[in-house]
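Structure below is my_file33.csv: CSV, C-alpha atoms.
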```
chain,number,residue,atom,x,y,z
A,7,MET,CA,0.0,0.0,0.0
A,8,SER,CA,1.3,3.5,-0.9
A,9,THR,CA,1.2,6.3,1.7
A,10,TYR,CA,-0.3,8.8,-0.8
A,11,ALA,CA,-3.0,8.3,-3.4
A,12,ARG,CA,-5.3,10.2,-5.7
A,13,HIS,CA,-8.9,9.5,-6.6
A,14,THR,CA,-11.8,11.2,-8.4
A,15,CYS,CA,-15.4,10.7,-7.7
A,16,THR,CA,-17.9,11.6,-10.4
A,17,MET,CA,-21.5,12.4,-10.0
A,18,ARG,CA,-24.5,13.9,-11.8
A,19,THR,CA,-26.5,16.5,-9.9
A,20,THR,CA,-30.2,16.8,-10.8
A,21,SER,CA,-31.3,20.3,-9.9
A,22,ARG,CA,-29.9,23.8,-9.8
A,23,ILE,CA,-29.2,23.8,-6.1
A,24,ALA,CA,-28.9,20.7,-3.9
A,25,MET,CA,-26.9,19.1,-1.1
A,26,THR,CA,-25.9,15.5,-1.8
A,27,ASP,CA,-24.6,13.3,1.1
A,28,VAL,CA,-21.3,11.8,-0.4
A,29,THR,CA,-20.0,10.2,2.9
A,30,SER,CA,-20.6,6.6,1.8
A,31,LEU,CA,-19.1,7.4,-1.7
A,32,ILE,CA,-15.9,8.7,-0.1
A,33,GLU,CA,-15.7,5.9,2.5
A,34,ALA,CA,-16.1,3.3,-0.3
A,35,ARG,CA,-12.9,4.8,-2.0
A,36,ILE,CA,-11.0,4.7,1.3
A,37,HIS,CA,-11.9,1.0,1.7
A,38,GLN,CA,-11.1,0.2,-1.9
A,39,GLU,CA,-7.6,1.8,-1.6
A,40,GLY,CA,-7.0,0.1,1.7
A,41,PHE,CA,-6.2,3.2,3.7
A,42,HIS,CA,-6.4,3.0,7.5
A,43,ASP,CA,-5.1,6.0,9.4
A,44,GLY,CA,-4.3,9.6,8.2
A,45,PHE,CA,-6.2,12.2,6.3
A,46,CYS,CA,-8.7,12.4,3.5
A,47,HIS,CA,-8.5,15.7,1.6
A,48,LEU,CA,-11.5,16.5,-0.5
A,49,PHE,CA,-11.5,19.2,-3.2
A,50,CYS,CA,-14.3,20.5,-5.3
A,51,PRO,CA,-12.8,21.7,-8.6
A,52,HIS,CA,-15.9,23.8,-9.6
A,53,THR,CA,-16.5,27.5,-9.0
A,54,THR,CA,-20.3,27.1,-8.6
A,55,ALA,CA,-20.3,24.2,-6.1
A,56,GLY,CA,-18.8,23.4,-2.8
A,57,LEU,CA,-18.3,21.0,0.1
A,58,THR,CA,-19.6,21.2,3.6
A,59,ILE,CA,-20.1,19.0,6.7
A,60,ASN,CA,-23.5,19.2,8.5
A,61,GLU,CA,-26.3,17.1,9.8
A,62,GLY,CA,-27.5,14.2,7.6
A,63,ALA,CA,-30.1,12.5,9.8
A,64,ASP,CA,-32.9,15.0,8.9
A,65,ALA,CA,-33.1,16.1,5.2
A,66,ALA,CA,-34.8,19.3,6.4
A,67,VAL,CA,-31.5,20.7,7.7
A,68,ALA,CA,-30.0,20.7,4.1
A,69,HIS,CA,-33.3,22.2,2.8
A,70,ASP,CA,-33.1,25.0,5.4
A,71,ILE,CA,-29.4,25.7,4.7
A,72,LEU,CA,-30.1,26.0,0.9
A,73,GLY,CA,-33.0,28.3,1.7
A,74,VAL,CA,-30.8,30.6,3.8
A,75,LEU,CA,-28.0,30.5,1.1
A,76,ASN,CA,-30.6,31.6,-1.5
A,77,ASP,CA,-31.5,34.5,0.9
A,78,LEU,CA,-27.9,35.5,1.3
A,79,ALA,CA,-26.9,35.2,-2.4
A,80,PRO,CA,-30.1,35.5,-4.4
A,81,ALA,CA,-30.4,35.2,-8.1
A,82,SER,CA,-30.5,38.9,-9.1
A,83,PRO,CA,-30.3,41.1,-12.2
A,84,ARG,CA,-27.9,43.4,-10.6
A,85,TYR,CA,-24.8,41.2,-11.0
A,86,THR,CA,-22.3,42.2,-13.6
A,87,HIS,CA,-21.0,38.7,-14.5
A,88,ALA,CA,-22.5,38.0,-17.9
A,89,GLU,CA,-23.2,34.3,-17.3
A,90,GLY,CA,-25.8,35.4,-14.7
A,91,ASN,CA,-24.8,32.8,-12.1
A,92,SER,CA,-22.9,35.0,-9.7
A,93,ASP,CA,-25.2,33.8,-6.9
A,94,ALA,CA,-23.7,30.3,-7.4
A,95,HIS,CA,-20.1,31.7,-7.3
A,96,MET,CA,-20.9,33.5,-4.0
A,97,LYS,CA,-22.4,30.4,-2.4
A,98,SER,CA,-19.2,28.5,-3.3
A,99,THR,CA,-17.0,31.0,-1.5
A,100,LEU,CA,-19.3,31.1,1.5
A,101,VAL,CA,-19.4,27.3,1.9
A,102,GLY,CA,-15.8,26.5,0.6
A,103,VAL,CA,-14.4,24.0,-1.8
A,104,SER,CA,-11.8,22.1,0.4
A,105,LEU,CA,-12.1,19.8,3.4
A,106,SER,CA,-9.5,17.8,5.4
A,107,ILE,CA,-11.0,15.0,7.4
A,108,PRO,CA,-9.1,12.5,9.6
A,109,VAL,CA,-9.4,8.8,8.9
A,110,ASP,CA,-9.2,6.2,11.6
A,111,ALA,CA,-9.3,2.4,10.9
A,112,GLY,CA,-10.5,3.1,7.4
A,113,ARG,CA,-13.5,5.4,8.4
A,114,LEU,CA,-13.9,9.1,8.1
A,115,VAL,CA,-13.7,10.5,11.7
A,116,LEU,CA,-16.9,12.5,11.9
A,117,GLY,CA,-19.2,13.5,14.8
A,118,ARG,CA,-22.3,11.5,15.5
A,119,TRP,CA,-24.6,13.6,13.3
A,120,GLN,CA,-22.1,14.8,10.7
A,121,ARG,CA,-22.1,13.8,7.0
A,122,VAL,CA,-20.1,15.2,4.1
A,123,PHE,CA,-22.2,17.1,1.5
A,124,PHE,CA,-21.4,18.0,-2.1
A,125,CYS,CA,-23.2,21.4,-2.6
A,126,GLU,CA,-24.5,22.1,-6.1
A,127,PHE,CA,-25.3,25.7,-6.8
A,128,ASP,CA,-25.7,25.9,-10.6
A,129,GLY,CA,-26.8,22.4,-11.8
A,130,PRO,CA,-27.8,20.1,-13.0
A,131,ARG,CA,-24.3,19.2,-14.2
A,132,GLN,CA,-21.7,16.4,-14.3
A,133,ARG,CA,-19.4,17.1,-11.3
A,134,GLU,CA,-16.3,15.7,-9.7
A,135,ILE,CA,-14.8,15.5,-6.2
A,136,TRP,CA,-11.0,15.1,-6.0
A,137,LEU,CA,-9.7,13.0,-3.2
A,138,ARG,CA,-6.2,12.6,-1.7
A,139,PHE,CA,-5.3,10.2,1.0
A,140,THR,CA,-2.2,10.6,3.2
A,141,GLU,CA,-1.4,7.6,5.4
A,142,HIS,CA,0.2,8.4,8.7
A,143,PRO,CA,2.0,5.6,10.6
A,144,ASN,CA,1.0,5.4,14.2
B,28,MET,CA,7.9,11.1,20.2
B,29,SER,CA,5.5,9.8,17.5
B,30,THR,CA,5.0,11.7,14.3
B,31,TYR,CA,1.2,11.6,14.5
B,32,ALA,CA,-1.1,11.9,17.5
B,33,ARG,CA,-4.8,12.3,18.4
B,34,HIS,CA,-6.2,14.4,21.2
B,35,THR,CA,-9.6,15.6,22.4
B,36,CYS,CA,-10.3,18.8,24.2
B,37,THR,CA,-13.6,19.0,26.0
B,38,MET,CA,-15.4,22.2,27.1
B,39,ARG,CA,-18.7,23.4,28.5
B,40,THR,CA,-20.3,26.4,26.7
B,41,THR,CA,-22.5,28.6,28.8
B,42,SER,CA,-24.9,30.4,26.4
B,43,ARG,CA,-26.8,29.7,23.2
B,44,ILE,CA,-24.3,31.6,21.0
B,45,ALA,CA,-20.7,32.4,21.9
B,46,MET,CA,-17.1,32.5,20.6
B,47,THR,CA,-14.5,31.0,23.0
B,48,ASP,CA,-10.8,31.6,22.6
B,49,VAL,CA,-9.3,28.1,22.7
B,50,THR,CA,-5.8,29.0,21.5
B,51,SER,CA,-4.1,28.4,24.9
B,52,LEU,CA,-6.0,25.2,25.4
B,53,ILE,CA,-4.7,23.9,22.1
B,54,GLU,CA,-1.1,25.1,22.6
B,55,ALA,CA,-1.1,23.3,26.0
B,56,ARG,CA,-1.9,20.0,24.2
B,57,ILE,CA,0.9,20.7,21.7
B,58,HIS,CA,3.3,21.3,24.5
B,59,GLN,CA,2.1,18.3,26.5
B,60,GLU,CA,2.6,16.0,23.5
B,61,GLY,CA,6.0,17.5,22.7
B,62,PHE,CA,5.3,18.4,19.1
B,63,HIS,CA,7.6,20.9,17.5
B,64,ASP,CA,7.1,21.4,13.8
B,65,GLY,CA,4.3,20.5,11.4
B,66,PHE,CA,0.5,20.9,11.4
B,67,CYS,CA,-2.2,21.0,14.0
B,68,HIS,CA,-5.6,19.9,12.5
B,69,LEU,CA,-8.6,21.0,14.5
B,70,PHE,CA,-12.0,19.4,13.9
B,71,CYS,CA,-15.4,20.4,15.5
B,72,PRO,CA,-17.5,17.2,15.5
B,73,HIS,CA,-20.8,19.1,16.1
B,74,THR,CA,-23.3,20.3,13.5
B,75,THR,CA,-24.4,23.4,15.4
B,76,ALA,CA,-20.9,24.7,16.2
B,77,GLY,CA,-17.8,25.7,14.3
B,78,LEU,CA,-14.2,26.9,14.4
B,79,THR,CA,-12.8,30.2,13.2
B,80,ILE,CA,-9.7,32.3,13.4
B,81,ASN,CA,-10.2,36.0,14.1
B,82,GLU,CA,-9.1,38.9,16.4
B,83,GLY,CA,-8.8,38.1,20.1
B,84,ALA,CA,-7.5,41.4,21.5
B,85,ASP,CA,-10.8,43.2,21.6
B,86,ALA,CA,-13.8,41.0,22.7
B,87,ALA,CA,-16.1,43.4,20.8
B,88,VAL,CA,-14.9,41.8,17.5
B,89,ALA,CA,-16.4,38.4,18.5
B,90,HIS,CA,-19.5,40.2,19.7
B,91,ASP,CA,-20.0,41.9,16.4
B,92,ILE,CA,-19.3,38.7,14.4
B,93,LEU,CA,-22.0,36.9,16.4
B,94,GLY,CA,-24.4,39.8,15.8
B,95,VAL,CA,-23.9,39.6,12.0
B,96,LEU,CA,-24.2,35.8,12.0
B,97,ASN,CA,-27.6,36.3,13.8
B,98,ASP,CA,-28.6,38.7,11.1
B,99,LEU,CA,-27.6,36.3,8.3
B,100,ALA,CA,-29.1,33.2,9.8
B,101,PRO,CA,-31.8,34.4,12.2
B,102,ALA,CA,-33.9,32.1,14.5
B,103,SER,CA,-37.1,32.0,12.4
B,104,PRO,CA,-40.4,30.0,12.4
B,105,ARG,CA,-40.1,29.4,8.6
B,106,TYR,CA,-37.5,26.6,8.9
B,107,THR,CA,-38.7,23.1,8.2
B,108,HIS,CA,-36.3,21.2,10.5
B,109,ALA,CA,-38.4,20.2,13.4
B,110,GLU,CA,-35.7,20.8,16.1
B,111,GLY,CA,-36.0,24.5,15.4
B,112,ASN,CA,-32.3,25.1,15.4
B,113,SER,CA,-31.6,25.4,11.6
B,114,ASP,CA,-30.1,28.8,12.2
B,115,ALA,CA,-27.3,27.1,14.2
B,116,HIS,CA,-26.7,24.5,11.4
B,117,MET,CA,-26.5,27.4,8.9
B,118,LYS,CA,-24.0,29.3,11.0
B,119,SER,CA,-21.8,26.1,11.3
B,120,THR,CA,-21.7,25.8,7.5
B,121,LEU,CA,-20.8,29.5,7.1
B,122,VAL,CA,-18.0,29.4,9.6
B,123,GLY,CA,-16.8,25.8,9.0
B,124,VAL,CA,-15.8,23.0,11.3
B,125,SER,CA,-12.2,22.3,10.3
B,126,LEU,CA,-8.9,24.2,10.5
B,127,SER,CA,-5.3,23.2,9.6
B,128,ILE,CA,-2.7,25.5,11.4
B,129,PRO,CA,1.1,25.2,11.1
B,130,VAL,CA,3.1,24.6,14.2
B,131,ASP,CA,6.7,26.0,14.6
B,132,ALA,CA,8.8,25.3,17.7
B,133,GLY,CA,5.8,24.0,19.6
B,134,ARG,CA,3.6,27.1,18.9
B,135,LEU,CA,0.6,27.6,16.6
B,136,VAL,CA,1.8,29.9,13.8
B,137,LEU,CA,-0.8,32.7,13.8
B,138,GLY,CA,-0.8,36.3,12.8
B,139,ARG,CA,-0.2,38.9,15.4
B,140,TRP,CA,-3.9,39.5,16.2
B,141,GLN,CA,-5.2,36.1,15.4
B,142,ARG,CA,-6.7,33.6,17.9
B,143,VAL,CA,-8.6,30.4,17.4
B,144,PHE,CA,-12.2,30.4,18.5
B,145,PHE,CA,-14.7,27.6,19.2
B,146,CYS,CA,-18.1,29.0,18.0
B,147,GLU,CA,-21.1,27.8,19.9
B,148,PHE,CA,-24.4,28.3,18.0
B,149,ASP,CA,-26.9,26.1,20.0
B,150,GLY,CA,-25.6,25.9,23.5
B,151,PRO,CA,-25.2,25.7,26.3
B,152,ARG,CA,-23.7,22.2,25.8
B,153,GLN,CA,-20.8,19.9,26.5
B,154,ARG,CA,-18.6,20.2,23.4
B,155,GLU,CA,-15.4,18.7,22.0
B,156,ILE,CA,-12.6,19.7,19.7
B,157,TRP,CA,-10.7,16.9,18.0
B,158,LEU,CA,-7.0,17.5,17.4
B,159,ARG,CA,-4.5,15.8,15.2
B,160,PHE,CA,-0.8,16.6,15.1
B,161,THR,CA,1.4,15.7,12.2
B,162,GLU,CA,5.1,16.3,12.8
B,163,HIS,CA,7.2,17.2,9.7
B,164,PRO,CA,11.0,16.7,9.9
B,165,ASN,CA,12.8,19.8,8.8
C,6,MET,CA,15.2,18.9,-1.7
C,7,SER,CA,13.6,18.9,1.7
C,8,THR,CA,10.1,17.4,2.2
C,9,TYR,CA,8.8,20.4,4.1
C,10,ALA,CA,9.4,24.1,3.5
C,11,ARG,CA,8.1,27.5,4.6
C,12,HIS,CA,7.7,30.6,2.5
C,13,THR,CA,6.2,34.0,2.8
C,14,CYS,CA,4.7,36.0,0.0
C,15,THR,CA,4.3,39.8,0.5
C,16,MET,CA,2.0,42.1,-1.4
C,17,ARG,CA,0.5,45.6,-1.2
C,18,THR,CA,-3.2,45.9,-1.6
C,19,THR,CA,-4.5,49.1,-3.2
C,20,SER,CA,-8.1,49.6,-2.1
C,21,ARG,CA,-10.2,48.9,1.0
C,22,ILE,CA,-11.8,45.8,-0.5
C,23,ALA,CA,-10.4,43.7,-3.3
C,24,MET,CA,-9.7,40.2,-4.6
C,25,THR,CA,-6.3,39.6,-6.0
C,26,ASP,CA,-5.4,36.5,-8.1
C,27,VAL,CA,-2.3,35.1,-6.4
C,28,THR,CA,-2.2,31.7,-8.2
C,29,SER,CA,0.9,32.6,-10.3
C,30,LEU,CA,2.7,34.1,-7.3
C,31,ILE,CA,2.2,30.8,-5.4
C,32,GLU,CA,3.1,28.6,-8.3
C,33,ALA,CA,6.3,30.6,-8.8
C,34,ARG,CA,7.3,29.7,-5.2
C,35,ILE,CA,6.5,26.0,-5.7
C,36,HIS,CA,8.7,26.1,-8.8
C,37,GLN,CA,11.5,28.0,-7.1
C,38,GLU,CA,11.5,25.5,-4.2
C,39,GLY,CA,11.5,22.5,-6.6
C,40,PHE,CA,8.4,20.9,-5.1
C,41,HIS,CA,6.6,18.3,-7.2
C,42,ASP,CA,3.9,16.3,-5.4
C,43,GLY,CA,2.0,16.9,-2.2
C,44,PHE,CA,0.2,19.8,-0.6
C,45,CYS,CA,0.5,23.5,-0.5
C,46,HIS,CA,-1.0,25.0,2.6
C,47,LEU,CA,-1.8,28.7,2.4
C,48,PHE,CA,-2.4,30.8,5.5
C,49,CYS,CA,-3.6,34.5,5.7
C,50,PRO,CA,-2.2,35.8,9.0
C,51,HIS,CA,-4.6,38.8,9.0
C,52,THR,CA,-7.9,39.2,10.8
C,53,THR,CA,-9.4,41.6,8.2
C,54,ALA,CA,-8.5,39.6,5.1
C,55,GLY,CA,-8.9,36.0,3.7
C,56,LEU,CA,-8.3,33.5,1.1
C,57,THR,CA,-10.8,31.9,-1.4
C,58,ILE,CA,-10.9,29.9,-4.6
C,59,ASN,CA,-13.2,31.0,-7.3
C,60,GLU,CA,-13.4,31.9,-11.0
C,61,GLY,CA,-10.6,34.0,-12.4
C,62,ALA,CA,-11.5,34.2,-16.1
C,63,ASP,CA,-14.1,37.0,-15.7
C,64,ALA,CA,-13.2,39.7,-13.3
C,65,ALA,CA,-16.9,40.4,-12.9
C,66,VAL,CA,-17.2,37.3,-10.7
C,67,ALA,CA,-14.9,38.8,-8.0
C,68,HIS,CA,-16.7,42.1,-8.3
C,69,ASP,CA,-20.0,40.5,-7.7
C,70,ILE,CA,-18.7,38.4,-4.8
C,71,LEU,CA,-17.3,41.6,-3.1
C,72,GLY,CA,-20.7,43.3,-3.7
C,73,VAL,CA,-22.6,40.5,-1.9
C,74,LEU,CA,-20.0,40.4,0.9
C,75,ASN,CA,-20.7,44.1,1.4
C,76,ASP,CA,-24.4,43.4,1.6
C,77,LEU,CA,-23.9,40.6,4.1
C,78,ALA,CA,-21.4,42.5,6.3
C,79,PRO,CA,-22.0,46.2,5.6
C,80,ALA,CA,-20.0,49.0,7.2
C,81,SER,CA,-22.3,50.1,9.9
C,82,PRO,CA,-22.4,52.4,12.9
C,83,ARG,CA,-24.0,49.7,15.1
C,84,TYR,CA,-20.8,47.7,15.6
C,85,THR,CA,-19.3,47.8,19.1
C,86,HIS,CA,-15.6,47.3,18.1
C,87,ALA,CA,-14.0,50.7,18.4
C,88,GLU,CA,-11.8,50.4,15.3
C,89,GLY,CA,-14.9,50.5,13.2
C,90,ASN,CA,-13.9,47.7,10.9
C,91,SER,CA,-16.0,44.8,12.2
C,92,ASP,CA,-17.4,44.3,8.7
C,93,ALA,CA,-13.9,43.4,7.6
C,94,HIS,CA,-13.5,40.9,10.5
C,95,MET,CA,-16.9,39.4,9.6
C,96,LYS,CA,-15.9,39.0,5.9
C,97,SER,CA,-12.7,37.2,7.0
C,98,THR,CA,-14.6,34.6,9.0
C,99,LEU,CA,-17.1,34.1,6.2
C,100,VAL,CA,-14.4,33.5,3.6
C,101,GLY,CA,-11.8,31.8,5.8
C,102,VAL,CA,-8.0,32.3,6.2
C,103,SER,CA,-6.6,28.8,5.4
C,104,LEU,CA,-6.5,26.6,2.3
C,105,SER,CA,-4.9,23.2,1.5
C,106,ILE,CA,-4.4,22.6,-2.2
C,107,PRO,CA,-2.8,19.5,-3.7
C,108,VAL,CA,0.3,19.9,-5.9
C,109,ASP,CA,1.0,17.6,-8.9
C,110,ALA,CA,4.1,17.8,-11.0
C,111,GLY,CA,4.9,21.3,-9.5
C,112,ARG,CA,1.5,22.8,-10.2
C,113,LEU,CA,-1.5,23.6,-8.0
C,114,VAL,CA,-4.2,21.1,-8.7
C,115,LEU,CA,-7.2,23.4,-9.5
C,116,GLY,CA,-10.3,23.0,-11.5
C,117,ARG,CA,-10.4,24.5,-15.0
C,118,TRP,CA,-11.8,27.9,-14.0
C,119,GLN,CA,-10.4,28.1,-10.5
C,120,ARG,CA,-7.9,30.6,-9.2
C,121,VAL,CA,-6.7,31.4,-5.7
C,122,PHE,CA,-7.6,34.9,-4.5
C,123,PHE,CA,-6.2,36.9,-1.6
C,124,CYS,CA,-9.2,38.9,-0.3
C,125,GLU,CA,-8.5,42.3,1.2
C,126,PHE,CA,-11.3,43.7,3.4
C,127,ASP,CA,-9.7,46.6,5.1
C,128,GLY,CA,-7.0,47.9,2.9
C,129,PRO,CA,-4.9,49.4,1.4
C,130,ARG,CA,-2.2,47.6,3.5
C,131,GLN,CA,1.0,45.6,3.3
C,132,ARG,CA,-0.1,41.9,3.5
C,133,GLU,CA,1.4,38.5,3.7
C,134,ILE,CA,0.5,34.9,2.7
C,135,TRP,CA,2.3,32.2,4.6
C,136,LEU,CA,3.0,29.0,2.6
C,137,ARG,CA,3.9,25.5,3.7
C,138,PHE,CA,4.8,22.8,1.3
C,139,THR,CA,4.7,19.1,2.2
C,140,GLU,CA,6.1,16.7,-0.3
C,141,HIS,CA,4.5,13.3,-0.5
C,142,PRO,CA,6.5,10.5,-2.1
C,143,ASN,CA,4.4,8.6,-4.7
```
Any chance you could give the structure as C-alpha cells?
Amino acid sequence: MSTYARHTCTMRTTSRIAMTDVTSLIEARIHQEGFHDGFCHLFCPHTTAGLTINEGADAAVAHDILGVLNDLAPASPRYTHAEGNSDAHMKSTLVGVSLSIPVDAGRLVLGRWQRVFFCEFDGPRQREIWLRFTEHPN
Amino acid sequence: MSTYARHTCTMRTTSRIAMTDVTSLIEARIHQEGFHDGFCHLFCPHTTAGLTINEGADAAVAHDILGVLNDLAPASPRYTHAEGNSDAHMKSTLVGVSLSIPVDAGRLVLGRWQRVFFCEFDGPRQREIWLRFTEHPN
Amino acid sequence: MSTYARHTCTMRTTSRIAMTDVTSLIEARIHQEGFHDGFCHLFCPHTTAGLTINEGADAAVAHDILGVLNDLAPASPRYTHAEGNSDAHMKSTLVGVSLSIPVDAGRLVLGRWQRVFFCEFDGPRQREIWLRFTEHPN
C-alpha cells in the first residue's frame, strides 16, 4: 500500500441547487484503496459548487441551509458577471471547496450527526470530487 | 515522540451563542505531546458549532461577528427542520468545522492579532474539539 | 530537496476591499523550491483579510462576490468594536483564512476555472500569505 493516493469521484446533480450526502461514496474509496489512518483531503474543482459538513439525519436541515443561502446570495439582475450565475459563485465562496478529514481504521472521523455534502449551486451538471489520501503511521 | 497523535479537548459552553478563545487550550496540548514542527488539524464534531480564526485582542470583534451571524441566519419560524435550530446549522456551514494550522517550535503559527475560536451556535452544551498533530521533519 | 518548507509572499493591496489573483505568485514559489507532489498550505495571518478559490476568467465574478459580501457585512455604525472595521473581520470569518491545495508535478491542482484569491477587506495595506509545502513520495 502506498502512503499517498489520488482518486476522483464523479456524480450527476439533478437540480440547480442541492446538497448530496457523499459520505458513503468517499468511504467506499477509502476502503477500496486500503487506507487506514491519516487524512482524506476533499477538493471540489468547480467554481459554482462546494463541500460542507453538516447534519444528515434529517433532510430538512439541508433544505433549510439551501434556503438561507438563497436569501444571502439571491439570483439577481444586478450582477455584472454576464453568465448570470454570480449567486452560485458567491455560495461556493461562503461554503468553501476544500475539506481535510481525519481517517481512523478506514473510516472518516466525523461527529455522530455529521455527514459530508457536495453542494450544487448551478446544476444540473456532471461534477467531480477530487480525493487525496495521506497515510500516517501510528 | 511519535509523528502523528490524536487528542480531544472538552469544554462546556455557557450560552446559546458564543465564541470562546481556545488558542491556549490547544497550545497546552501541543506542549504536553512534545510536538515541534508540522501541522495541528482541528475538527469540530458538532453540526451546530464551528471553528474560526479572528481577532482576540478586543472582545467586541467576536460580539460583532455573532451579531452579523444572527442577522444572516436568524432564528425563524419558517425553517422546516423540526428541532427548530436550523439557524445554528447554517452558522456552522458559514463558519466551517475544520482548520489546519502550522506549528513551529511548539507554537501555533498565527498572525499577530489572530486567535482560534470555538463557535457555539446552539448551547449551552458539552462540546469537543478533536486535534491531530502531524510532525514534519525539517 | 527537503520534504517540508516555509515561504512568505508579501503584497501591497491598493483599495479597501479587493480580490487579487495570487495563483501565479504561489506557483512561482512552488517552482522555485522544486516541489513536485504533495500539498501547498496557504495561510492568511490577518484578521481583516482572507483566502478563497473562485473563478478568475471573468473579473466580474470577483466584483459580484465583493458586492454580496458588502451586503452581508456592511460597514455600519451599530458595531461595538472601536476600530470600526467589524465588517472586515466578519468577511474574514465568512471567507476563511486557510486553504490546503494539492500539488501535482509542480502545479497547484485546481479546476479549469479556479484561481486562488487573496481577499482584502480593510486595505490598502501591506499583507502576507504564509505558505507551507509538504512533499509526499508517490
Once you count all atoms listed in the file, what closest atom pair and distance in Å to one decimal does each residue of chain C within 6 Å of chain B have, with rows by chain and rising residue number, as JSON lines?
```
{"residue": "C:Pro50", "atom": "CA", "partner": "B:Gly138", "partner_atom": "CA", "distance": 4.1}
{"residue": "C:His51", "atom": "CA", "partner": "B:Gly138", "partner_atom": "CA", "distance": 5.9}
{"residue": "C:Thr52", "atom": "CA", "partner": "B:Asn81", "partner_atom": "CA", "distance": 5.1}
{"residue": "C:Tyr84", "atom": "CA", "partner": "B:Asp91", "partner_atom": "CA", "distance": 5.9}
{"residue": "C:Thr85", "atom": "CA", "partner": "B:Ala87", "partner_atom": "CA", "distance": 5.7}
{"residue": "C:His86", "atom": "CA", "partner": "B:Ala87", "partner_atom": "CA", "distance": 4.8}
{"residue": "C:Met95", "atom": "CA", "partner": "B:Ile92", "partner_atom": "CA", "distance": 5.4}
{"residue": "C:Leu99", "atom": "CA", "partner": "B:Val122", "partner_atom": "CA", "distance": 5.9}
```
So, counting all atoms listed in the file, which residue among A:Ala11, A:Met25, A:Ala55, A:Val122 is closest to Gln38 in chain A?
A:Ala11
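Each of B:Ala132, B:Ala109, B:Ile53, B:Ile44 was checked against Trp157 in chain B using all atoms listed in the file; the smallest atom-to-atom distance is that of B:Ile53.
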Pick out the residues sitting within 8 Å of Arg132 in chain C, and hand them over as a PyMOL selection string; count all atoms listed in the file, and ignore anything fewer than 4 positions along from it in its own chain.
chain C and resi 15-18+51
From the list B:Ser113, B:Ser51, B:Gln153, B:Thr161, which residue is nearest Asp131 in chain B when using only C-alpha atoms?
B:Thr161
Please identify all polymer residues within 10 Å of Thr35 in chain B, counting all atoms listed in the file, omitting same-chain residues fewer than 4 positions from it, and present them as a PyMOL selection string.
chain B and resi 53+56+69-70+155-159
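Take CA of Phe160 in chain B and CA of Glu33 in chain A: the distance between them is 22.3 Å.
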Start from the incomplete input, build N, CA and C atoms for range 31-46 of chain B, and deliver everything as a PDB file, keeping the file's coordinate frame.
```
ATOM      1  N   TYR B  31       2.614  11.378  14.718  1.00  0.00           N
ATOM      2  CA  TYR B  31       1.200  11.600  14.500  1.00  0.00           C
ATOM      3  C   TYR B  31       0.476  11.269  15.799  1.00  0.00           C
ATOM      4  N   ALA B  32      -0.410  12.132  16.232  1.00  0.00           N
ATOM      5  CA  ALA B  32      -1.100  11.900  17.500  1.00  0.00           C
ATOM      6  C   ALA B  32      -2.489  12.491  17.485  1.00  0.00           C
ATOM      7  N   ARG B  33      -3.356  11.898  18.278  1.00  0.00           N
ATOM      8  CA  ARG B  33      -4.800  12.300  18.400  1.00  0.00           C
ATOM      9  C   ARG B  33      -5.003  12.836  19.818  1.00  0.00           C
ATOM     10  N   HIS B  34      -5.810  13.900  19.911  1.00  0.00           N
ATOM     11  CA  HIS B  34      -6.200  14.400  21.200  1.00  0.00           C
ATOM     12  C   HIS B  34      -7.655  14.920  21.132  1.00  0.00           C
ATOM     13  N   THR B  35      -8.297  14.969  22.280  1.00  0.00           N
ATOM     14  CA  THR B  35      -9.600  15.600  22.400  1.00  0.00           C
ATOM     15  C   THR B  35      -9.633  16.602  23.469  1.00  0.00           C
ATOM     16  N   CYS B  36     -10.102  17.805  23.145  1.00  0.00           N
ATOM     17  CA  CYS B  36     -10.300  18.800  24.200  1.00  0.00           C
ATOM     18  C   CYS B  36     -11.841  18.868  24.453  1.00  0.00           C
ATOM     19  N   THR B  37     -12.199  18.898  25.699  1.00  0.00           N
ATOM     20  CA  THR B  37     -13.600  19.000  26.000  1.00  0.00           C
ATOM     21  C   THR B  37     -13.857  20.363  26.716  1.00  0.00           C
ATOM     22  N   MET B  38     -15.064  20.890  26.516  1.00  0.00           N
ATOM     23  CA  MET B  38     -15.400  22.200  27.100  1.00  0.00           C
ATOM     24  C   MET B  38     -16.891  22.266  27.315  1.00  0.00           C
ATOM     25  N   ARG B  39     -17.309  23.137  28.209  1.00  0.00           N
ATOM     26  CA  ARG B  39     -18.700  23.400  28.500  1.00  0.00           C
ATOM     27  C   ARG B  39     -19.016  24.821  28.034  1.00  0.00           C
ATOM     28  N   THR B  40     -19.914  25.002  27.080  1.00  0.00           N
ATOM     29  CA  THR B  40     -20.300  26.400  26.700  1.00  0.00           C
ATOM     30  C   THR B  40     -21.439  26.811  27.606  1.00  0.00           C
ATOM     31  N   THR B  41     -21.577  28.131  27.747  1.00  0.00           N
ATOM     32  CA  THR B  41     -22.500  28.600  28.800  1.00  0.00           C
ATOM     33  C   THR B  41     -23.638  29.481  28.268  1.00  0.00           C
ATOM     34  N   SER B  42     -23.713  29.660  26.941  1.00  0.00           N
ATOM     35  CA  SER B  42     -24.900  30.400  26.400  1.00  0.00           C
ATOM     36  C   SER B  42     -25.241  29.807  25.052  1.00  0.00           C
ATOM     37  N   ARG B  43     -26.329  30.274  24.456  1.00  0.00           N
ATOM     38  CA  ARG B  43     -26.800  29.700  23.200  1.00  0.00           C
ATOM     39  C   ARG B  43     -25.740  29.942  22.089  1.00  0.00           C
ATOM     40  N   ILE B  44     -25.194  31.168  22.057  1.00  0.00           N
ATOM     41  CA  ILE B  44     -24.300  31.600  21.000  1.00  0.00           C
ATOM     42  C   ILE B  44     -23.071  32.261  21.648  1.00  0.00           C
ATOM     43  N   ALA B  45     -21.875  31.824  21.287  1.00  0.00           N
ATOM     44  CA  ALA B  45     -20.700  32.400  21.900  1.00  0.00           C
ATOM     45  C   ALA B  45     -19.442  31.992  21.127  1.00  0.00           C
ATOM     46  N   MET B  46     -18.421  32.834  21.189  1.00  0.00           N
ATOM     47  CA  MET B  46     -17.100  32.500  20.600  1.00  0.00           C
ATOM     48  C   MET B  46     -16.120  32.420  21.789  1.00  0.00           C
TER      49      MET B  46
END
```
